[in-house]
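Participant: For reference, this is upload29.csv, and it has CSV, C-alpha atoms and all ligand atoms.
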chain,number,residue,atom,x,y,z
A,23,MET,CA,-63.0,-27.5,11.6
A,24,LEU,CA,-64.8,-24.5,10.0
A,25,ILE,CA,-67.9,-23.6,12.0
A,26,LEU,CA,-71.1,-21.8,11.1
A,27,ALA,CA,-72.8,-19.9,13.9
A,28,PRO,CA,-76.1,-18.4,12.6
A,29,SER,CA,-77.1,-15.4,14.7
A,30,MET,CA,-80.6,-15.9,16.2
A,31,LEU,CA,-81.2,-12.1,16.1
A,32,ALA,CA,-82.2,-12.5,12.5
A,33,ALA,CA,-84.5,-15.5,13.0
A,34,ASP,CA,-88.3,-15.4,13.1
A,35,PHE,CA,-89.0,-14.9,16.8
A,36,THR,CA,-92.4,-16.4,16.5
A,37,ARG,CA,-90.9,-19.8,15.6
A,38,LEU,CA,-87.5,-19.9,17.2
A,39,GLY,CA,-87.5,-23.6,18.0
A,40,GLU,CA,-88.2,-24.5,14.4
A,41,GLU,CA,-85.6,-22.1,13.1
A,42,ILE,CA,-82.9,-23.6,15.4
A,43,ARG,CA,-83.9,-27.1,14.4
A,44,THR,CA,-83.6,-26.2,10.7
A,45,ILE,CA,-80.1,-24.9,10.9
A,46,ALA,CA,-79.0,-27.8,13.1
A,47,GLU,CA,-80.4,-30.3,10.6
A,48,GLU,CA,-78.5,-28.6,7.9
A,49,GLY,CA,-75.2,-29.0,9.8
A,50,ALA,CA,-74.7,-25.6,11.5
A,51,GLN,CA,-72.6,-26.4,14.6
A,52,TYR,CA,-73.4,-23.3,16.8
A,53,ILE,CA,-76.3,-21.0,17.4
A,54,HIS,CA,-75.0,-17.5,18.1
A,55,LEU,CA,-77.0,-15.8,20.8
A,56,ASP,CA,-76.6,-12.0,20.9
A,57,VAL,CA,-77.4,-10.6,24.4
A,58,MET,CA,-77.7,-6.8,24.3
A,59,ASP,CA,-78.2,-4.7,27.4
A,60,GLY,CA,-79.2,-1.3,26.0
A,61,ALA,CA,-76.1,0.2,27.7
A,62,PHE,CA,-73.0,-1.3,26.0
A,63,VAL,CA,-74.9,-1.2,22.8
A,64,PRO,CA,-78.1,0.8,22.0
A,65,SER,CA,-80.4,-2.2,21.6
A,66,ILE,CA,-81.9,-4.6,24.1
A,67,SER,CA,-82.4,-8.2,22.8
A,68,PHE,CA,-83.1,-11.2,25.0
A,69,GLY,CA,-81.7,-12.9,28.1
A,70,THR,CA,-81.6,-16.1,30.1
A,71,PRO,CA,-85.3,-17.1,30.0
A,72,VAL,CA,-85.3,-17.3,26.3
A,73,ILE,CA,-82.0,-19.1,26.0
A,74,GLN,CA,-82.9,-21.6,28.8
A,75,LYS,CA,-86.2,-22.5,27.0
A,76,LEU,CA,-84.5,-23.1,23.7
A,77,ARG,CA,-82.0,-25.7,25.1
A,78,SER,CA,-84.2,-28.7,24.4
A,79,CYS,CA,-84.9,-27.7,20.7
A,80,ALA,CA,-81.7,-29.1,19.2
A,81,ASP,CA,-78.4,-30.6,19.9
A,82,ILE,CA,-76.3,-27.5,19.0
A,83,VAL,CA,-73.6,-25.4,20.7
A,84,PHE,CA,-75.0,-22.3,22.5
A,85,ASP,CA,-72.6,-19.6,21.6
A,86,VAL,CA,-73.5,-16.5,23.8
A,87,HIS,CA,-72.1,-13.2,22.7
A,88,MET,CA,-72.6,-10.8,25.6
A,89,MET,CA,-72.8,-7.1,24.5
A,90,VAL,CA,-73.3,-6.1,28.1
A,91,GLU,CA,-71.5,-3.8,30.5
A,92,GLU,CA,-69.5,-5.6,33.2
A,93,PRO,CA,-70.8,-9.1,32.0
A,94,SER,CA,-69.2,-10.8,35.1
A,95,ARG,CA,-72.4,-9.9,36.9
A,96,TYR,CA,-74.3,-12.3,34.7
A,97,VAL,CA,-71.9,-15.0,33.7
A,98,GLU,CA,-73.2,-17.5,36.2
A,99,ASP,CA,-76.8,-17.0,35.1
A,100,TYR,CA,-75.9,-17.7,31.5
A,101,VAL,CA,-74.0,-20.9,32.4
A,102,LYS,CA,-77.1,-22.0,34.3
A,103,ALA,CA,-79.2,-21.1,31.3
A,104,SER,CA,-77.0,-23.7,29.4
A,105,ALA,CA,-74.5,-21.5,27.5
A,106,ASP,CA,-71.6,-23.5,26.1
A,107,ILE,CA,-69.4,-20.6,25.1
A,108,ILE,CA,-69.5,-17.1,26.7
A,109,THR,CA,-67.9,-14.3,24.9
A,110,VAL,CA,-67.4,-10.9,26.6
A,111,HIS,CA,-66.2,-7.6,25.1
A,112,ALA,CA,-62.8,-6.4,26.2
A,113,GLU,CA,-64.3,-2.9,26.1
A,114,ALA,CA,-67.0,-3.8,28.6
A,115,CYS,CA,-64.8,-5.5,31.3
A,116,ARG,CA,-62.9,-3.5,33.9
A,117,HIS,CA,-61.0,-6.7,34.8
A,118,LEU,CA,-60.9,-8.8,31.7
A,119,ASP,CA,-58.5,-11.4,33.1
A,120,ARG,CA,-60.8,-12.0,36.1
A,121,THR,CA,-63.9,-12.3,33.9
A,122,VAL,CA,-62.2,-14.8,31.6
A,123,GLN,CA,-61.0,-16.9,34.6
A,124,GLN,CA,-64.5,-16.7,36.0
A,125,ILE,CA,-66.1,-18.1,32.8
A,126,LYS,CA,-63.5,-20.9,32.6
A,127,SER,CA,-63.9,-21.8,36.3
A,128,LEU,CA,-67.6,-22.5,35.5
A,129,GLY,CA,-66.6,-25.1,33.0
A,130,VAL,CA,-67.6,-23.3,29.8
A,131,LYS,CA,-65.4,-21.9,27.0
A,132,ALA,CA,-64.3,-18.3,27.2
A,133,GLY,CA,-64.3,-15.9,24.3
A,134,VAL,CA,-63.2,-12.3,24.1
A,135,ALA,CA,-64.7,-9.9,21.5
A,136,LEU,CA,-63.1,-6.8,20.1
A,137,ASN,CA,-65.0,-4.0,18.4
A,138,PRO,CA,-63.8,-3.0,14.9
A,139,ALA,CA,-61.7,0.0,16.2
A,140,THR,CA,-60.2,-1.8,19.2
A,141,SER,CA,-56.6,-2.8,18.8
A,142,LEU,CA,-55.5,-6.4,19.0
A,143,SER,CA,-52.9,-5.3,21.5
A,144,VAL,CA,-55.4,-5.4,24.3
A,145,LEU,CA,-55.1,-9.2,24.0
A,146,ASP,CA,-51.3,-9.4,24.2
A,147,TYR,CA,-51.4,-11.0,27.7
A,148,MET,CA,-54.6,-12.9,27.2
A,149,LEU,CA,-54.0,-14.8,24.0
A,150,ASP,CA,-53.1,-18.1,25.7
A,151,GLN,CA,-56.0,-17.7,28.1
A,152,VAL,CA,-59.0,-17.6,25.8
A,153,ASP,CA,-60.7,-20.3,23.7
A,154,MET,CA,-62.0,-18.0,21.1
A,155,ILE,CA,-61.4,-14.4,19.9
A,156,LEU,CA,-64.4,-12.7,18.3
A,157,LEU,CA,-63.5,-9.9,15.8
A,158,MET,CA,-66.5,-7.7,15.2
A,159,SER,CA,-66.8,-6.7,11.6
A,160,VAL,CA,-69.6,-4.2,12.2
A,161,ASN,CA,-70.2,-1.9,15.1
A,162,PRO,CA,-72.2,-4.1,17.5
A,163,GLY,CA,-75.8,-3.5,18.3
A,164,PHE,CA,-77.7,-4.4,15.2
A,165,GLY,CA,-78.0,-7.1,12.6
A,166,GLY,CA,-78.0,-6.5,8.9
A,167,GLN,CA,-75.1,-4.1,8.6
A,168,LYS,CA,-72.3,-4.1,6.1
A,169,TYR,CA,-69.0,-5.9,6.6
A,170,ILE,CA,-66.2,-3.4,7.4
A,171,PRO,CA,-63.3,-4.2,4.9
A,172,TYR,CA,-60.4,-3.4,7.2
A,173,VAL,CA,-61.3,-6.2,9.5
A,174,THR,CA,-59.9,-8.7,7.0
A,175,GLU,CA,-56.4,-7.4,7.6
A,176,LYS,CA,-57.0,-7.6,11.4
A,177,ILE,CA,-58.0,-11.3,11.0
A,178,LYS,CA,-54.8,-12.0,9.1
A,179,ILE,CA,-52.6,-10.2,11.7
A,180,LEU,CA,-54.3,-12.1,14.6
A,181,ARG,CA,-54.0,-15.5,12.9
A,182,ARG,CA,-50.3,-14.8,12.3
A,183,CYS,CA,-49.8,-13.8,15.9
A,184,LEU,CA,-51.5,-17.0,17.1
A,185,ASN,CA,-49.5,-19.1,14.8
A,186,GLU,CA,-46.2,-17.5,16.0
A,187,ARG,CA,-47.2,-18.5,19.5
A,188,GLY,CA,-48.2,-22.0,18.5
A,189,LEU,CA,-51.8,-21.4,19.5
A,190,HIS,CA,-54.8,-22.9,17.6
A,191,THR,CA,-57.4,-20.5,19.1
A,192,ASP,CA,-60.7,-20.1,17.3
A,193,ILE,CA,-61.2,-16.8,15.5
A,194,GLN,CA,-64.8,-15.9,15.1
A,195,VAL,CA,-65.9,-13.1,12.8
A,196,ASP,CA,-69.3,-11.4,13.4
A,197,GLY,CA,-71.2,-8.9,11.3
A,198,GLY,CA,-72.1,-8.6,7.7
A,199,VAL,CA,-70.7,-12.0,6.8
A,200,ASN,CA,-72.5,-13.5,3.7
A,201,LEU,CA,-71.9,-16.0,0.9
A,202,ALA,CA,-70.1,-13.4,-1.1
A,203,ASN,CA,-67.4,-12.5,1.5
A,204,ALA,CA,-67.2,-15.7,3.6
A,205,ARG,CA,-64.2,-17.1,1.5
A,206,GLU,CA,-62.3,-13.9,2.1
A,207,VAL,CA,-62.9,-14.1,5.9
A,208,ILE,CA,-61.9,-17.8,6.0
A,209,HIS,CA,-58.8,-17.2,3.8
A,210,ALA,CA,-57.7,-14.5,6.2
A,211,GLY,CA,-57.7,-17.0,9.0
A,212,ALA,CA,-61.1,-17.1,10.7
A,213,ASN,CA,-62.7,-20.4,11.4
A,214,VAL,CA,-66.0,-19.6,13.1
A,215,LEU,CA,-68.4,-17.5,11.0
A,216,VAL,CA,-71.4,-15.7,12.4
A,217,ALA,CA,-74.1,-14.9,9.9
A,218,GLY,CA,-77.5,-13.5,10.8
A,219,SER,CA,-79.4,-11.9,7.9
A,220,ALA,CA,-77.5,-14.1,5.4
A,221,VAL,CA,-78.9,-17.3,7.0
A,222,PHE,CA,-82.3,-16.6,8.5
A,223,GLY,CA,-85.3,-15.5,6.4
A,224,ASP,CA,-87.6,-17.1,3.9
A,225,GLN,CA,-84.9,-19.5,2.8
A,226,THR,CA,-83.3,-20.5,6.1
A,227,ARG,CA,-82.8,-24.1,5.1
A,228,GLU,CA,-81.3,-23.3,1.7
A,229,ASN,CA,-79.1,-20.6,3.0
A,230,THR,CA,-77.7,-22.8,5.7
A,231,ARG,CA,-77.1,-25.6,3.2
A,232,ALA,CA,-75.2,-23.1,0.9
A,233,PHE,CA,-73.0,-21.9,3.8
A,234,MET,CA,-72.2,-25.5,4.8
A,235,LYS,CA,-71.2,-26.3,1.3
A,236,LEU,CA,-69.0,-23.3,1.1
A,237,LEU,CA,-67.4,-24.3,4.4
A,238,ARG,CA,-66.7,-27.8,3.2
A,239,GLU,CA,-65.1,-26.4,0.1
A,240,CYS,CA,-62.9,-24.0,2.2
A,241,GLU,CA,-61.9,-26.6,4.7
A,242,PRO,CA,-58.4,-27.2,3.1
A,243,TRP,CA,-57.7,-23.5,3.9
A,244,ASN,CA,-58.4,-23.9,7.5
A,245,VAL,CA,-55.2,-23.1,9.3
A,246,THR,CA,-56.3,-23.9,12.9
A,247,ARG,CA,-56.0,-27.7,12.7
B,1,LIG,C1,-74.3,-7.5,16.0
B,1,LIG,C2,-74.4,-8.9,16.4
B,1,LIG,C3,-74.3,-9.9,15.3
B,1,LIG,C4,-75.4,-9.7,14.2
B,1,LIG,C5,-74.9,-10.4,13.0
B,1,LIG,O1,-74.2,-6.7,17.1
B,1,LIG,O2,-73.3,-9.2,17.3
B,1,LIG,O3,-74.2,-11.2,15.7
B,1,LIG,O4,-76.6,-10.2,14.7
B,1,LIG,O5,-75.9,-10.2,12.0
B,1,LIG,P1,-75.6,-10.0,10.5
B,1,LIG,O6,-75.0,-11.2,10.0
B,1,LIG,O7,-76.9,-9.7,9.9
B,1,LIG,O8,-74.6,-8.8,10.4
B,2,ZN,ZN,-72.9,-11.4,17.7
Let me see the file written as structure tokens.
Facilitator:
Amino acid sequence: MLILAPSMLAADFTRLGEEIRTIAEEGAQYIHLDVMDGAFVPSISFGTPVIQKLRSCADIVFDVHMMVEEPSRYVEDYVKASADIITVHAEACRHLDRTVQQIKSLGVKAGVALNPATSLSVLDYMLDQVDMILLMSVNPGFGGQKYIPYVTEKIKILRRCLNERGLHTDIQVDGGVNLANAREVIHAGANVLVAGSAVFGDQTRENTRAFMKLLRECEPWNVTR
């Protein structure tokens, strides 16, 4: 299934509950929660207290993207704060395998993220271990940036590689995704789309609806089934 994961970073922080309820009502399956530590990336965003308090707002998957140095230090806290998926950056983990196993042992899904310039080869030995691979299509740290075109080729290569191994792993693409380039991203082989500034704003409901319509139209292209 094609999945929309609106990034809360672009939401109105004075009405987070309402924003999440709106996207859930329109069919978005995930809420993408960008945790930034001011060290792995320049910005600091939010942490467990905010996530924990939002849990009761809507029945939606909490997709936590940790842009944090050595995230293994916090994985347990985020599971307690009701994360359903925890994605860590390969670049931020000294022992990536250990961190992935730690996440899985706590009963949640494990994702690994790669920055745009990081080679897919770092995942050679991890492909069958992870539930989701997040390909960054901007340099992490800020919302509202422009999609980096070479990532489309990277998505294609990764999907081919997964297919060759008979794996149906989710490929999530994050950064600069909008209604104009979403088809390209899906056609390349991604099935989980993060979108922040293209979803949240004055027209959150209408934007989510338009994304969900596009996803339904593209469902026949979805190669992960
Ligand atoms: C960037 C974050 C993204 C970002 C996406 O560091 O990981 O999730 O908020 O926002 P847009 O869709 O505006 O690029
Ligand atoms: Zn993100």
Participant: How would you report the residues lying within 10 Å of ligand ZN 2 (chain B), as a PyMOL selection string, if you count only C-alpha atoms and all ligand atoms?
Facilitator: chain A and resi 27-31+54-58+85-89+109+135+156-160+162-165+194-197+216-218
Participant: Go ahead and write the selection's residues with C-alpha atoms as a PDB file, in the coordinates of the input.
Facilitator:
ATOM      1  CA  ALA A  27     -72.800 -19.900  13.900  1.00  0.00           C
ATOM      2  CA  PRO A  28     -76.100 -18.400  12.600  1.00  0.00           C
ATOM      3  CA  SER A  29     -77.100 -15.400  14.700  1.00  0.00           C
ATOM      4  CA  MET A  30     -80.600 -15.900  16.200  1.00  0.00           C
ATOM      5  CA  LEU A  31     -81.200 -12.100  16.100  1.00  0.00           C
ATOM      6  CA  HIS A  54     -75.000 -17.500  18.100  1.00  0.00           C
ATOM      7  CA  LEU A  55     -77.000 -15.800  20.800  1.00  0.00           C
ATOM      8  CA  ASP A  56     -76.600 -12.000  20.900  1.00  0.00           C
ATOM      9  CA  VAL A  57     -77.400 -10.600  24.400  1.00  0.00           C
ATOM     10  CA  MET A  58     -77.700  -6.800  24.300  1.00  0.00           C
ATOM     11  CA  ASP A  85     -72.600 -19.600  21.600  1.00  0.00           C
ATOM     12  CA  VAL A  86     -73.500 -16.500  23.800  1.00  0.00           C
ATOM     13  CA  HIS A  87     -72.100 -13.200  22.700  1.00  0.00           C
ATOM     14  CA  MET A  88     -72.600 -10.800  25.600  1.00  0.00           C
ATOM     15  CA  MET A  89     -72.800  -7.100  24.500  1.00  0.00           C
ATOM     16  CA  THR A 109     -67.900 -14.300  24.900  1.00  0.00           C
ATOM     17  CA  ALA A 135     -64.700  -9.900  21.500  1.00  0.00           C
ATOM     18  CA  LEU A 156     -64.400 -12.700  18.300  1.00  0.00           C
ATOM     19  CA  LEU A 157     -63.500  -9.900  15.800  1.00  0.00           C
ATOM     20  CA  MET A 158     -66.500  -7.700  15.200  1.00  0.00           C
ATOM     21  CA  SER A 159     -66.800  -6.700  11.600  1.00  0.00           C
ATOM     22  CA  VAL A 160     -69.600  -4.200  12.200  1.00  0.00           C
ATOM     23  CA  PRO A 162     -72.200  -4.100  17.500  1.00  0.00           C
ATOM     24  CA  GLY A 163     -75.800  -3.500  18.300  1.00  0.00           C
ATOM     25  CA  PHE A 164     -77.700  -4.400  15.200  1.00  0.00           C
ATOM     26  CA  GLY A 165     -78.000  -7.100  12.600  1.00  0.00           C
ATOM     27  CA  GLN A 194     -64.800 -15.900  15.100  1.00  0.00           C
ATOM     28  CA  VAL A 195     -65.900 -13.100  12.800  1.00  0.00           C
ATOM     29  CA  ASP A 196     -69.300 -11.400  13.400  1.00  0.00           C
ATOM     30  CA  GLY A 197     -71.200  -8.900  11.300  1.00  0.00           C
ATOM     31  CA  VAL A 216     -71.400 -15.700  12.400  1.00  0.00           C
ATOM     32  CA  ALA A 217     -74.100 -14.900   9.900  1.00  0.00           C
ATOM     33  CA  GLY A 218     -77.500 -13.500  10.800  1.00  0.00           C
TER      34      GLY A 218
END
Participant: Identify which of the residues A:Leu136, A:Val97, A:Ile73, A:Ile177 lies closest to ligand LIG 1 (chain B), counting only C-alpha atoms and all ligand atoms when measuring atom-to-atom distances.
Facilitator: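 Of all the options, A:Leu136 lies closest to ligand LIG 1 (chain B).
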Participant: Under the rule that all atoms listed in the file are counted, which of A:Gln51, A:Gln167, A:Thr246, A:Thr226 is the nearest residue to ligand LIG 1 (chain B)?
Facilitator: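 Distance minimum relative to ligand LIG 1 (chain B) lands on A:Gln167.
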Participant: What does the distance from atom CA of Ile53 of chain A to atom CA of Leu236 of chain A come to in Å, to one decimal?
Facilitator: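 Straight-line distance from atom CA of Ile53 of chain A to atom CA of Leu236 of chain A works out to 18.0 Å.
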Participant: Compare A:Val110, A:Leu237, A:Val72, A:Val199 by their minimum atom-to-atom distance to Lys168 of chain A, counting only C-alpha atoms, and give me the closest one.
Facilitator: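 For Lys168 of chain A, the nearest of the candidates is A:Val199.
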Participant: Could the centre and edge lengths of an axis-aligned box, enclosing all atoms of segment 24-31 of chain A in the file with 8 Å extra on each side, be given in Å to one decimal as AutoDock Vina command-line options?
Facilitator:
--center_x -73.0 --center_y -18.3 --center_z 13.1 --size_x 32.4 --size_y 28.4 --size_z 22.2
Participant: Pull the closest atom pair for each residue of segment 77-165 of chain A that gets at most 10 Å from segment 61-71 of chain A, along with the distance in Å to one decimal, counting only C-alpha atoms, ordering rows by chain and then ascending residue number, as a Markdown table.
Facilitator:
| residue | atom | partner | partner_atom | distance |
| --- | --- | --- | --- | --- |
| A:Val86 | CA | A:Gly69 | CA | 9.9 |
| A:Met88 | CA | A:Phe62 | CA | 9.5 |
| A:Met89 | CA | A:Phe62 | CA | 6.0 |
| A:Val90 | CA | A:Phe62 | CA | 5.2 |
| A:Glu91 | CA | A:Phe62 | CA | 5.4 |
| A:Glu92 | CA | A:Phe62 | CA | 9.1 |
| A:Tyr96 | CA | A:Thr70 | CA | 9.4 |
| A:Asp99 | CA | A:Thr70 | CA | 7.0 |
| A:Tyr100 | CA | A:Thr70 | CA | 6.1 |
| A:Val101 | CA | A:Thr70 | CA | 9.3 |
| A:Lys102 | CA | A:Thr70 | CA | 8.5 |
| A:Ala103 | CA | A:Thr70 | CA | 5.7 |
| A:Ser104 | CA | A:Thr70 | CA | 8.9 |
| A:Ala105 | CA | A:Thr70 | CA | 9.3 |
| A:His111 | CA | A:Phe62 | CA | 9.3 |
| A:Glu113 | CA | A:Phe62 | CA | 8.8 |
| A:Ala114 | CA | A:Phe62 | CA | 7.0 |
| A:Asn161 | CA | A:Val63 | CA | 9.0 |
| A:Pro162 | CA | A:Val63 | CA | 6.6 |
| A:Gly163 | CA | A:Val63 | CA | 5.1 |
| A:Phe164 | CA | A:Ser65 | CA | 7.3 |
Participant: Dump C-alpha atoms for the selected residues as a PDB file, in the frame of the given file?
Facilitator:
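The new file selection-v5.pdb reads:
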ATOM      1  CA  VAL A  86     -73.500 -16.500  23.800  1.00  0.00           C
ATOM      2  CA  MET A  88     -72.600 -10.800  25.600  1.00  0.00           C
ATOM      3  CA  MET A  89     -72.800  -7.100  24.500  1.00  0.00           C
ATOM      4  CA  VAL A  90     -73.300  -6.100  28.100  1.00  0.00           C
ATOM      5  CA  GLU A  91     -71.500  -3.800  30.500  1.00  0.00           C
ATOM      6  CA  GLU A  92     -69.500  -5.600  33.200  1.00  0.00           C
ATOM      7  CA  TYR A  96     -74.300 -12.300  34.700  1.00  0.00           C
ATOM      8  CA  ASP A  99     -76.800 -17.000  35.100  1.00  0.00           C
ATOM      9  CA  TYR A 100     -75.900 -17.700  31.500  1.00  0.00           C
ATOM     10  CA  VAL A 101     -74.000 -20.900  32.400  1.00  0.00           C
ATOM     11  CA  LYS A 102     -77.100 -22.000  34.300  1.00  0.00           C
ATOM     12  CA  ALA A 103     -79.200 -21.100  31.300  1.00  0.00           C
ATOM     13  CA  SER A 104     -77.000 -23.700  29.400  1.00  0.00           C
ATOM     14  CA  ALA A 105     -74.500 -21.500  27.500  1.00  0.00           C
ATOM     15  CA  HIS A 111     -66.200  -7.600  25.100  1.00  0.00           C
ATOM     16  CA  GLU A 113     -64.300  -2.900  26.100  1.00  0.00           C
ATOM     17  CA  ALA A 114     -67.000  -3.800  28.600  1.00  0.00           C
ATOM     18  CA  ASN A 161     -70.200  -1.900  15.100  1.00  0.00           C
ATOM     19  CA  PRO A 162     -72.200  -4.100  17.500  1.00  0.00           C
ATOM     20  CA  GLY A 163     -75.800  -3.500  18.300  1.00  0.00           C
ATOM     21  CA  PHE A 164     -77.700  -4.400  15.200  1.00  0.00           C
TER      22      PHE A 164
END
Participant: Can you tell me which residues surround Gln151 of chain A at a distance of at most 9 Å, considering only C-alpha atoms, apart from same-chain residues fewer than 5 positions away, and format the answer as an mmCIF file with C-alpha atoms, in the frame of the given file?
Facilitator:
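Result saved to around-v4.cif:
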data_model
loop_
_atom_site.group_PDB
_atom_site.id
_atom_site.type_symbol
_atom_site.label_atom_id
_atom_site.label_comp_id
_atom_site.auth_asym_id
_atom_site.auth_seq_id
_atom_site.Cartn_x
_atom_site.Cartn_y
_atom_site.Cartn_z
ATOM 1 C CA ASP A 119 -58.500 -11.400 33.100
ATOM 2 C CA VAL A 122 -62.200 -14.800 31.600
ATOM 3 C CA GLN A 123 -61.000 -16.900 34.600
ATOM 4 C CA ALA A 132 -64.300 -18.300 27.200
#
Participant: Hey, what's within 6 Å of Ile193 of chain A if we count all atoms listed in the file and toss same-chain stuff fewer than 4 positions away? As a ChimeraX atom specification, please?
Facilitator: /A:154-156,212-213
Participant: Write the residues you've just listed into a file as a PDB file, in the frame of the given file, and include C-alpha atoms for each of them.
Facilitator:
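Saved to selection_10.pdb:
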ATOM      1  CA  MET A 154     -62.000 -18.000  21.100  1.00  0.00           C
ATOM      2  CA  ILE A 155     -61.400 -14.400  19.900  1.00  0.00           C
ATOM      3  CA  LEU A 156     -64.400 -12.700  18.300  1.00  0.00           C
ATOM      4  CA  ALA A 212     -61.100 -17.100  10.700  1.00  0.00           C
ATOM      5  CA  ASN A 213     -62.700 -20.400  11.400  1.00  0.00           C
TER       6      ASN A 213
END
Participant: Show which residues sit within 6 Å of Val214 of chain A, as a short mmCIF file (atom, residue, chain, number, x, y, z; two decimals) with C-alpha atoms, in the coordinates of the input. Count all atoms listed in the file, and ignore same-chain residues fewer than 6 positions away.
Facilitator:
data_model
loop_
_atom_site.label_atom_id
_atom_site.label_comp_id
_atom_site.auth_asym_id
_atom_site.auth_seq_id
_atom_site.Cartn_x
_atom_site.Cartn_y
_atom_site.Cartn_z
CA LEU A 24 -64.80 -24.50 10.00
CA ILE A 25 -67.90 -23.60 12.00
CA LEU A 26 -71.10 -21.80 11.10
CA GLN A 194 -64.80 -15.90 15.10
#
Participant: Rounded to one decimal place, report the atom CA of Glu40 of chain A-atom CA of Ile108 of chain A distance in Å.
Facilitator: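 Computed distance, atom CA of Glu40 of chain A to atom CA of Ile108 of chain A, equals 23.6 Å.
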Participant: Can you pull out the residues contacting Lys235 of chain A? Cut-off 12 Å, using all atoms listed in the file, and skip same-chain residues under 6 positions away; I want them as a ChimeraX atom specification.
Facilitator: /A:24-26,48-50,201,204-205,228-229,241
Participant: Rounded to one decimal, what separation in Å do you get between atom CA of Leu142 of chain A and atom CA of Val221 of chain A?
Facilitator: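 We find that atom CA of Leu142 of chain A and atom CA of Val221 of chain A lie 28.5 Å from each other.
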Participant: So, counting only C-alpha atoms and all ligand atoms, which residue among A:Asp106, A:Gln225, A:Ile42, A:Ala32 is closest to ligand LIG 1 (chain B)?
Facilitator: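 Once distances to ligand LIG 1 (chain B) are computed over only C-alpha atoms and all ligand atoms, the minimum belongs to A:Ala32.
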Participant: Hey, which of A:Pro93, A:Gly198, A:Gly39, A:Gly60 ends up closest to ligand LIG 1 (chain B)? Count all atoms listed in the file.
Facilitator: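 Nearest to ligand LIG 1 (chain B): A:Gly198.
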Participant: Once N, CA and C atoms are restored for segment 150-163 of chain A, what would the output be as a short mmCIF file (atom, residue, chain, number, x, y, z; two decimals), in the coordinates of the input?
Facilitator:
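Saved result, result.cif, follows:
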data_model
loop_
_atom_site.label_atom_id
_atom_site.label_comp_id
_atom_site.auth_asym_id
_atom_site.auth_seq_id
_atom_site.Cartn_x
_atom_site.Cartn_y
_atom_site.Cartn_z
N ASP A 150 -53.18 -16.68 25.32
CA ASP A 150 -53.10 -18.10 25.70
C ASP A 150 -54.18 -18.47 26.74
N GLN A 151 -54.99 -17.50 27.12
CA GLN A 151 -56.00 -17.70 28.10
C GLN A 151 -57.39 -18.02 27.55
N VAL A 152 -57.61 -17.57 26.33
CA VAL A 152 -59.00 -17.60 25.80
C VAL A 152 -59.14 -18.76 24.78
N ASP A 153 -60.36 -19.26 24.68
CA ASP A 153 -60.70 -20.30 23.70
C ASP A 153 -61.03 -19.76 22.37
N MET A 154 -61.55 -18.54 22.36
CA MET A 154 -62.00 -18.00 21.10
C MET A 154 -61.83 -16.45 21.13
N ILE A 155 -61.48 -15.88 20.00
CA ILE A 155 -61.40 -14.40 19.90
C ILE A 155 -62.44 -14.02 18.82
N LEU A 156 -63.34 -13.13 19.20
CA LEU A 156 -64.40 -12.70 18.30
C LEU A 156 -63.98 -11.31 17.74
N LEU A 157 -63.78 -11.22 16.45
CA LEU A 157 -63.50 -9.90 15.80
C LEU A 157 -64.81 -9.39 15.25
N MET A 158 -65.26 -8.26 15.76
CA MET A 158 -66.50 -7.70 15.20
C MET A 158 -66.14 -7.04 13.86
N SER A 159 -66.98 -7.33 12.87
CA SER A 159 -66.80 -6.70 11.60
C SER A 159 -67.89 -5.75 11.21
N VAL A 160 -68.66 -5.40 12.24
CA VAL A 160 -69.60 -4.20 12.20
C VAL A 160 -69.53 -3.65 13.61
N ASN A 161 -70.04 -2.44 13.77
CA ASN A 161 -70.20 -1.90 15.10
C ASN A 161 -71.34 -2.62 15.79
N PRO A 162 -71.14 -3.20 16.98
CA PRO A 162 -72.20 -4.10 17.50
C PRO A 162 -73.46 -3.32 17.91
N GLY A 163 -74.54 -4.06 17.89
CA GLY A 163 -75.80 -3.50 18.30
C GLY A 163 -76.97 -3.82 17.38
#
